[in-house]
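Asks: Attaching a single structure in structure tokens format; questions to follow.
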Amino acid sequence: MAAELSSADHSVTPPRVAIPREYNAAHDLIERNLSAGRASKVAIRDDVGEYTYAQVGERVNRFANVLGDLGVAMEQRAFVALLDTIDFPTVFLGCIKAGVVPIAVNTLLTRADYEFMLNDSRAQLLVVSEALLPAFADLIERSRYLKHVIVSGADGKGHALLAHLMAKAATSFEPAPTTSDDICFWLYSSGSTGSPKGTVHIHQDIILTAELYARPVLGIREDDVVFSAAKLFFAYGLGNGLTFPFSVGATAVLMAERPTPDSVFRRLREHKPTIFYGVPTLYAALLASPAAPKREELKLRACTSAGEALPADIGKRWSERYGVDILDGIGSTEMLHIFLSNRPGEVRYGTTGKPVPGYDIRLIGNDGKPTPQGEVGELQVNGPTAALMYWNNRPKSLATFEGPWTRSGDKYVEDADGYFVYCGRSDDMLKVSGIYVSPFEVEAALMTHEAVLEAAVVGEADEAQLVKPKAYVVLKQGVAASPGIEESLKQHVKSRLAPYKYPRWIEFVSELPKTATGKIQRFKLRRAALGKAFDS
């Protein structure tokens with residue numbers, strides 16, 4: 001039931017993976033390490049301790065047996081709201097091994113979000129971290145579908161404790177007879193462009209992201225220690241911190257707290273990861289932090305960025321400071337992980353790189369036809385890890401999944417060398433003086449100013465009701481907003497871009513609205529430009 005490589009050479013590009021019809025993703029990720037003699041190797045280090053591959057395998061089996069003891073059957077759904085500790089891979093892989101469908105959810109949402117998702121998914125089991133239990137307190141009784149609640153922690157407030165249930169469970173478990181095409185897990189979209197959608201993935205998707213991106217592009221190896229600031233509930237973080245290291249027998253560092261410069265630097269210093277996964281806003285904050293470590297304190301050999309396009313200035317400054325490039329790429333919940341990426345030794349900052357092996361890319365214009373090289377079009381991707389659908393949302397599914405092609409909603413242009421350059425979300429593009437302007441291009445120019453920490457650009461109508469760029473700017477610590485700074489920023493952009501692209505208005509803010517995965521929620525900024533609050 002394990003995926004088999006057609007070659008023993010793990011550096012081959014592109015990899016060719018033969019996935020049998022009878023296949024269970026969790027069984028594969030565990031057993032490939034045990035059969036390779038890595039039972040005693042550390043698989044996971046969290047904030048409490050470390051766990052070998054044998055121990056993780058036993059925990060997965062115990063939780064799979066817990067599901068059976070509770071009567072949670074194959075193909076039923078489990079709502080997983082867990083912080084990044086050993087319990088996340090235990091529950092997530094335990095569900096999959098038992099044929100139960102885990103739904104990993106953002107741990108920073110509101111009661112209203114969770115209520116919608118619980119009802120939308122009709123999950124019969126909730127597994128929740130003790131710290132998150134208050135957000136579910138009144139939802140558990142109101143839920144029409146929940147039958148069981150399990151709490152990860154010491155105080156379940158009357159609910160069953162995960163540790164107690166697992167202590168009584170058997171340590172062996174025969175994997176459920178799933179196929180490579182069976183529904184494996186869901187992830188709800190991050191909501192950067194509106195309401196979240198239940199994105200449904202099958203068993204083969206997990207290992208294919210590892211074999212198509214992590215091994216040939218990222219170059220992950222058995223001797224790597226990896227640390228992802230992006231959390232496991234996020235498609236990007238799930239691959240980074242679980243699928244990828246388990247695919248080759250590496251060691252993953254998990255962190256339960258939110259990623260701040262201090263918390264991230266502490267793990268980089270203490271655990272010496274060789275691969276670090278971040279997002280652009282975090283890299284900017286790390287570079288601006290006075291607590292930033294020296295190059296010799298770290299052991300990094302590879303870094304990646306996703307979630308949003310990486311401004312070239314951030315990438316260049318990181319490379320100069322730490323001697324390692326950031327491999328910027330784009331992935332999505334719908335495609336599960338990165339399908340377009342820069343490569344080691346071939347990084348071109350300001351671009352998202354070239355297609356990952358196994359994926360085809362096309363750019364489509366407003367007329368529905370492919371755009372010529374050098375012209376902006378919507379990025380569409382054809383690859384083997386595309387989600388089946390959005391759960392219970394036929395209109396959105398039809399609008400996104402067009403045969404083998406998945407619409408990304410991102411605008412790109414392909415340059416003369418075959419590198420793809422991000423231009424913004426389809427609904428973010430501005431038409432100024434009759435010419436399309438990429439908000440990201442203006443943001444990237446602003447980010448090169450020494451006073452700017454973060455920037456986001458949206459359209460706002462002037463007194464003549466003509467759309468012009470407006471910038472929301474977060475200044476670096478110690479820099480005060482003033483008319484002088486505002487004028488300096490405008491002139492800075494004019495000196496780097498065509499004059500019509502400069503922001504006509506600049507509003508200084510303490511922070512930008514973001515999803516928990518670090519994406520700037522420009523739709524909220526557009527509402528703000530219309531006089532509505534960020535959180536409306």
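Residue numbering restarts at 1 in every chain; chains get A, B, ... in the order shown in the structure tokens, and ligands count up from 1 in that same order.
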Could you pull out the strand (DSSP E) residues of stretch 85-296 of chain A from DSSP and send them as an mmCIF file with N, CA and C atoms, in the first residue's frame?
Replies:
data_model
loop_
_atom_site.group_PDB
_atom_site.id
_atom_site.type_symbol
_atom_site.label_atom_id
_atom_site.label_comp_id
_atom_site.auth_asym_id
_atom_site.auth_seq_id
_atom_site.Cartn_x
_atom_site.Cartn_y
_atom_site.Cartn_z
ATOM 1 N N VAL A 101 -12.054 10.845 7.640
ATOM 2 C CA VAL A 101 -11.599 12.023 6.900
ATOM 3 C C VAL A 101 -11.363 13.189 7.860
ATOM 4 N N PRO A 102 -10.093 13.547 8.137
ATOM 5 C CA PRO A 102 -9.835 14.690 9.015
ATOM 6 C C PRO A 102 -10.024 16.006 8.275
ATOM 7 N N ILE A 103 -10.542 16.989 8.981
ATOM 8 C CA ILE A 103 -10.700 18.343 8.449
ATOM 9 C C ILE A 103 -9.869 19.259 9.329
ATOM 10 N N ALA A 104 -8.672 19.597 8.864
ATOM 11 C CA ALA A 104 -7.775 20.454 9.638
ATOM 12 C C ALA A 104 -8.184 21.908 9.446
ATOM 13 N N LEU A 125 -17.074 14.086 14.861
ATOM 14 C CA LEU A 125 -16.072 14.114 15.926
ATOM 15 C C LEU A 125 -15.334 15.443 15.885
ATOM 16 N N LEU A 126 -15.132 16.031 17.067
ATOM 17 C CA LEU A 126 -14.297 17.211 17.215
ATOM 18 C C LEU A 126 -13.095 16.845 18.073
ATOM 19 N N VAL A 127 -11.885 17.095 17.564
ATOM 20 C CA VAL A 127 -10.670 16.945 18.357
ATOM 21 C C VAL A 127 -10.070 18.341 18.462
ATOM 22 N N VAL A 128 -9.944 18.851 19.690
ATOM 23 C CA VAL A 128 -9.607 20.258 19.879
ATOM 24 C C VAL A 128 -8.572 20.433 20.983
ATOM 25 N N SER A 129 -7.643 21.357 20.780
ATOM 26 C CA SER A 129 -6.675 21.684 21.823
ATOM 27 C C SER A 129 -7.374 22.384 22.980
ATOM 28 N N HIS A 148 -19.088 13.228 19.294
ATOM 29 C CA HIS A 148 -17.962 13.002 20.200
ATOM 30 C C HIS A 148 -17.055 14.232 20.220
ATOM 31 N N VAL A 149 -16.489 14.524 21.392
ATOM 32 C CA VAL A 149 -15.514 15.603 21.548
ATOM 33 C C VAL A 149 -14.314 15.049 22.309
ATOM 34 N N ILE A 150 -13.129 15.262 21.767
ATOM 35 C CA ILE A 150 -11.891 14.829 22.415
ATOM 36 C C ILE A 150 -10.995 16.055 22.571
ATOM 37 N N VAL A 151 -10.429 16.211 23.755
ATOM 38 C CA VAL A 151 -9.606 17.386 24.050
ATOM 39 C C VAL A 151 -8.146 16.987 24.207
ATOM 40 N N SER A 152 -7.288 17.719 23.514
ATOM 41 C CA SER A 152 -5.844 17.571 23.665
ATOM 42 C C SER A 152 -5.383 18.523 24.750
ATOM 43 N N ALA A 160 -13.825 13.983 26.934
ATOM 44 C CA ALA A 160 -12.777 12.971 26.985
ATOM 45 C C ALA A 160 -11.422 13.580 26.639
ATOM 46 N N LEU A 161 -10.370 13.120 27.329
ATOM 47 C CA LEU A 161 -9.024 13.588 27.058
ATOM 48 C C LEU A 161 -8.330 12.645 26.079
ATOM 49 N N ILE A 183 -11.406 9.831 -0.827
ATOM 50 C CA ILE A 183 -11.290 11.108 -0.130
ATOM 51 C C ILE A 183 -10.446 10.890 1.116
ATOM 52 N N CYS A 184 -9.421 11.732 1.276
ATOM 53 C CA CYS A 184 -8.443 11.549 2.350
ATOM 54 C C CYS A 184 -8.614 12.587 3.454
ATOM 55 N N PHE A 185 -8.691 13.866 3.088
ATOM 56 C CA PHE A 185 -8.805 14.935 4.083
ATOM 57 C C PHE A 185 -9.356 16.183 3.411
ATOM 58 N N TRP A 186 -9.802 17.115 4.241
ATOM 59 C CA TRP A 186 -10.236 18.423 3.760
ATOM 60 C C TRP A 186 -9.374 19.501 4.402
ATOM 61 N N LEU A 187 -9.279 20.613 3.681
ATOM 62 C CA LEU A 187 -8.757 21.858 4.241
ATOM 63 C C LEU A 187 -9.710 22.967 3.827
ATOM 64 N N TYR A 188 -10.079 23.814 4.765
ATOM 65 C CA TYR A 188 -10.897 24.968 4.381
ATOM 66 C C TYR A 188 -9.979 26.070 3.871
ATOM 67 N N GLY A 198 -14.723 24.296 1.781
ATOM 68 C CA GLY A 198 -14.167 22.991 2.118
ATOM 69 C C GLY A 198 -13.532 22.360 0.894
ATOM 70 N N THR A 199 -12.213 22.251 0.898
ATOM 71 C CA THR A 199 -11.461 21.765 -0.259
ATOM 72 C C THR A 199 -11.108 20.305 -0.035
ATOM 73 N N VAL A 200 -11.554 19.433 -0.929
ATOM 74 C CA VAL A 200 -11.510 17.983 -0.725
ATOM 75 C C VAL A 200 -10.345 17.367 -1.491
ATOM 76 N N HIS A 201 -9.437 16.687 -0.765
ATOM 77 C CA HIS A 201 -8.276 16.040 -1.382
ATOM 78 C C HIS A 201 -8.323 14.526 -1.193
ATOM 79 N N ILE A 202 -7.666 13.821 -2.119
ATOM 80 C CA ILE A 202 -7.644 12.354 -2.088
ATOM 81 C C ILE A 202 -6.294 11.838 -1.586
ATOM 82 N N VAL A 225 16.729 18.896 9.111
ATOM 83 C CA VAL A 225 15.826 19.286 10.191
ATOM 84 C C VAL A 225 15.027 20.462 9.646
ATOM 85 N N VAL A 226 13.716 20.368 9.653
ATOM 86 C CA VAL A 226 12.889 21.387 9.019
ATOM 87 C C VAL A 226 12.025 22.097 10.059
ATOM 88 N N PHE A 227 11.787 23.375 9.804
ATOM 89 C CA PHE A 227 10.935 24.171 10.692
ATOM 90 C C PHE A 227 10.062 25.080 9.836
ATOM 91 N N SER A 228 8.765 24.963 10.009
ATOM 92 C CA SER A 228 7.807 25.766 9.259
ATOM 93 C C SER A 228 7.089 26.728 10.184
ATOM 94 N N THR A 251 13.606 15.266 10.124
ATOM 95 C CA THR A 251 13.070 15.619 11.436
ATOM 96 C C THR A 251 12.351 16.960 11.340
ATOM 97 N N ALA A 252 11.143 17.042 11.886
ATOM 98 C CA ALA A 252 10.345 18.271 11.853
ATOM 99 C C ALA A 252 10.279 18.905 13.228
ATOM 100 N N VAL A 253 10.438 20.225 13.278
ATOM 101 C CA VAL A 253 10.284 20.999 14.508
ATOM 102 C C VAL A 253 8.909 21.669 14.468
ATOM 103 N N ILE A 275 16.269 23.614 6.918
ATOM 104 C CA ILE A 275 15.267 24.166 6.001
ATOM 105 C C ILE A 275 14.256 24.964 6.810
ATOM 106 N N PHE A 276 14.001 26.192 6.387
ATOM 107 C CA PHE A 276 13.018 27.044 7.054
ATOM 108 C C PHE A 276 11.997 27.500 6.031
ATOM 109 N N TYR A 277 10.721 27.379 6.420
ATOM 110 C CA TYR A 277 9.618 27.785 5.545
ATOM 111 C C TYR A 277 8.901 28.989 6.174
ATOM 112 N N GLY A 278 8.782 30.079 5.428
ATOM 113 C CA GLY A 278 8.102 31.258 5.939
ATOM 114 C C GLY A 278 7.172 31.864 4.911
#
Asks: What lies within 9 Å of stretch 492-494 of chain A using only C-alpha atoms, ignoring chain neighbours under 3 positions off, as a list in words?
Replies: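 So the residues in contact are Val442, Ala445, Leu446, Thr448, His449, Glu487, Ser488, Leu489, Leu497, Ala498, Pro499, Tyr500, Lys501, Tyr502 and Pro503 of chain A.
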Asks: Write to file, as a short mmCIF file (atom, residue, chain, number, x, y, z; two decimals), in the first residue's frame, the residues of the selection just made, with N, CA and C atoms.
Replies:
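As written to disk, again-v1.cif reads:
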data_model
loop_
_atom_site.label_atom_id
_atom_site.label_comp_id
_atom_site.auth_asym_id
_atom_site.auth_seq_id
_atom_site.Cartn_x
_atom_site.Cartn_y
_atom_site.Cartn_z
N VAL A 442 3.53 48.02 -7.13
CA VAL A 442 3.62 49.25 -6.34
C VAL A 442 4.05 48.91 -4.91
N ALA A 445 7.74 48.26 -4.76
CA ALA A 445 8.52 49.50 -4.81
C ALA A 445 8.52 50.19 -3.45
N LEU A 446 7.37 50.23 -2.80
CA LEU A 446 7.28 50.83 -1.47
C LEU A 446 8.17 50.09 -0.48
N THR A 448 10.95 48.82 -0.82
CA THR A 448 12.38 49.12 -0.91
C THR A 448 12.75 50.41 -0.19
N HIS A 449 11.77 51.14 0.31
CA HIS A 449 12.05 52.35 1.10
C HIS A 449 12.48 51.94 2.50
N GLU A 487 5.31 62.08 1.45
CA GLU A 487 5.82 62.62 0.18
C GLU A 487 7.07 61.86 -0.26
N SER A 488 7.89 61.49 0.70
CA SER A 488 9.09 60.72 0.38
C SER A 488 8.74 59.39 -0.27
N LEU A 489 7.70 58.73 0.26
CA LEU A 489 7.28 57.44 -0.29
C LEU A 489 6.74 57.60 -1.71
N LEU A 497 9.04 53.41 -10.78
CA LEU A 497 7.99 52.92 -11.67
C LEU A 497 7.52 54.05 -12.57
N ALA A 498 6.70 53.68 -13.55
CA ALA A 498 6.07 54.71 -14.38
C ALA A 498 5.28 55.64 -13.48
N PRO A 499 5.31 56.94 -13.73
CA PRO A 499 4.70 57.92 -12.82
C PRO A 499 3.23 57.67 -12.50
N TYR A 500 2.47 57.15 -13.46
CA TYR A 500 1.04 56.97 -13.21
C TYR A 500 0.76 55.88 -12.18
N LYS A 501 1.78 55.09 -11.81
CA LYS A 501 1.58 53.99 -10.87
C LYS A 501 1.74 54.40 -9.41
N TYR A 502 2.21 55.61 -9.14
CA TYR A 502 2.48 55.97 -7.74
C TYR A 502 1.18 56.08 -6.95
N PRO A 503 1.20 55.79 -5.64
CA PRO A 503 -0.03 55.88 -4.82
C PRO A 503 -0.42 57.34 -4.59
#
Asks: So which residues touch A:Val42 within 7 Å, counting only C-alpha atoms, skipping near sequence neighbours fewer than 4 positions away, as a compact mmCIF listing (two decimals) with N, CA, C and O atoms, in the first residue's frame?
Replies:
# COMPACT_ATOMS: atom_id res chain seq x y z
N GLU A 50 10.50 15.10 22.15
CA GLU A 50 10.77 14.59 20.82
C GLU A 50 10.28 13.16 20.71
O GLU A 50 10.20 12.43 21.71
N TYR A 51 9.96 12.76 19.48
CA TYR A 51 9.30 11.49 19.24
C TYR A 51 9.92 10.82 18.02
O TYR A 51 10.06 11.45 16.96
N THR A 52 10.27 9.56 18.15
CA THR A 52 10.86 8.82 17.05
C THR A 52 9.78 8.39 16.06
O THR A 52 8.58 8.45 16.35
N TYR A 53 10.22 7.89 14.91
CA TYR A 53 9.26 7.39 13.92
C TYR A 53 8.47 6.21 14.48
O TYR A 53 7.28 6.06 14.20
N THR A 251 13.61 15.27 10.12
CA THR A 251 13.07 15.62 11.44
C THR A 251 12.35 16.96 11.34
O THR A 251 12.89 17.92 10.78
Asks: Find the distance between atom CA of A:Asp410 and atom CA of A:Asp427 and write it in Å to one decimal.
Replies: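 Straight-line distance from atom CA of A:Asp410 to atom CA of A:Asp427 works out to 8.6 Å.
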Asks: So that I can check the surroundings of A:Pro175, please list as an MDAnalysis selection string every protein, DNA and RNA residue that reaches within 10 Å of it, counting only C-alpha atoms and ignoring chain neighbours fewer than 6 positions away.
Replies: chainID A and resid 1 23:28 61 64 94 96:99
Asks: Taking only C-alpha atoms into account, which of A:Ala284, A:Ala154, A:Cys303, A:Leu139 comes nearest A:Leu218?
Replies: A:Cys303
Asks: Quick one: which stretch 402-438 of chain A residues come within 12 Å of stretch 451-457 of chain A, and what is the nearest atom pair for each with the distance in Å to one decimal, counting only C-alpha atoms, rows ordered by chain and ascending number, as a tab-separated table?
Replies:
residue	atom	partner	partner_atom	distance
A:Gly424	CA	A:Val457	CA	10.2
A:Arg425	CA	A:Val457	CA	11.7
A:Asp428	CA	A:Val457	CA	8.7
A:Met429	CA	A:Val457	CA	9.9
A:Leu430	CA	A:Val457	CA	9.7
A:Val437	CA	A:Val457	CA	10.5
A:Ser438	CA	A:Val457	CA	9.0
Asks: When you look at stretch 320-324 of chain A with a cut-off of 9 Å (counting only C-alpha atoms), what residues show up, excluding the ones that are within fewer than 5 positions of it in the same chain? I need them as a PyMOL selection string.
Replies: chain A and resi 287+294-296+298+300-303+315
Asks: Any chance you can output those residues with N, CA and C atoms as a PDB file, in the first residue's frame?
Replies:
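The result, stored in result_35.pdb:
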ATOM      1  N   LEU A 287      13.732  40.363   9.282  1.00  0.00           N
ATOM      2  CA  LEU A 287      14.826  41.245   8.872  1.00  0.00           C
ATOM      3  C   LEU A 287      14.836  42.543   9.662  1.00  0.00           C
ATOM      4  N   LYS A 294      22.994  36.328  14.124  1.00  0.00           N
ATOM      5  CA  LYS A 294      24.045  36.431  13.128  1.00  0.00           C
ATOM      6  C   LYS A 294      24.034  35.176  12.256  1.00  0.00           C
ATOM      7  N   ARG A 295      24.632  35.301  11.079  1.00  0.00           N
ATOM      8  CA  ARG A 295      24.645  34.181  10.129  1.00  0.00           C
ATOM      9  C   ARG A 295      25.243  32.922  10.745  1.00  0.00           C
ATOM     10  N   GLU A 296      26.318  33.081  11.509  1.00  0.00           N
ATOM     11  CA  GLU A 296      27.017  31.914  12.049  1.00  0.00           C
ATOM     12  C   GLU A 296      26.238  31.207  13.159  1.00  0.00           C
ATOM     13  N   LEU A 298      23.171  30.249  12.806  1.00  0.00           N
ATOM     14  CA  LEU A 298      22.170  29.396  12.165  1.00  0.00           C
ATOM     15  C   LEU A 298      22.831  28.337  11.295  1.00  0.00           C
ATOM     16  N   LEU A 300      21.059  27.163   8.320  1.00  0.00           N
ATOM     17  CA  LEU A 300      20.145  27.079   7.192  1.00  0.00           C
ATOM     18  C   LEU A 300      20.886  26.774   5.892  1.00  0.00           C
ATOM     19  N   ARG A 301      20.289  25.879   5.093  1.00  0.00           N
ATOM     20  CA  ARG A 301      20.799  25.648   3.742  1.00  0.00           C
ATOM     21  C   ARG A 301      19.727  25.920   2.689  1.00  0.00           C
ATOM     22  N   ALA A 302      18.457  26.039   3.122  1.00  0.00           N
ATOM     23  CA  ALA A 302      17.367  26.325   2.192  1.00  0.00           C
ATOM     24  C   ALA A 302      16.246  27.036   2.934  1.00  0.00           C
ATOM     25  N   CYS A 303      15.615  27.989   2.249  1.00  0.00           N
ATOM     26  CA  CYS A 303      14.447  28.685   2.776  1.00  0.00           C
ATOM     27  C   CYS A 303      13.413  28.785   1.670  1.00  0.00           C
ATOM     28  N   GLY A 315      13.875  39.340  -0.454  1.00  0.00           N
ATOM     29  CA  GLY A 315      14.684  38.185  -0.801  1.00  0.00           C
ATOM     30  C   GLY A 315      16.165  38.518  -0.876  1.00  0.00           C
TER      31      GLY A 315
END
Asks: Going by DSSP on the backbone, which residues of stretch 53-185 of chain A come out as alpha helix (DSSP H)? List them as a ChimeraX atom specification.
Replies: /A:53-70,87-97,111-121,137-142,162-168
Asks: Tell me which protein, DNA and RNA residues are within 10 Å of stretch 241-246 of chain A, counting only C-alpha atoms, leaving out same-chain ones fewer than 4 positions away, and put them as a PyMOL selection string.
Replies: chain A and resi 25-26+28-33+43-44+53+84+88-89+93+206-211+213-215+218+220-232+236-237+250-254+276-277
Asks: For A:Glu346, which of A:Trp391, A:Phe401, A:Phe173, A:Tyr419 is the closest residue, counting only C-alpha atoms?
Replies: A:Tyr419
Asks: For atom CA of A:Val100 and atom CA of A:Ala36, quote the distance in Å rounded to one decimal.
Replies: 26.8 Å
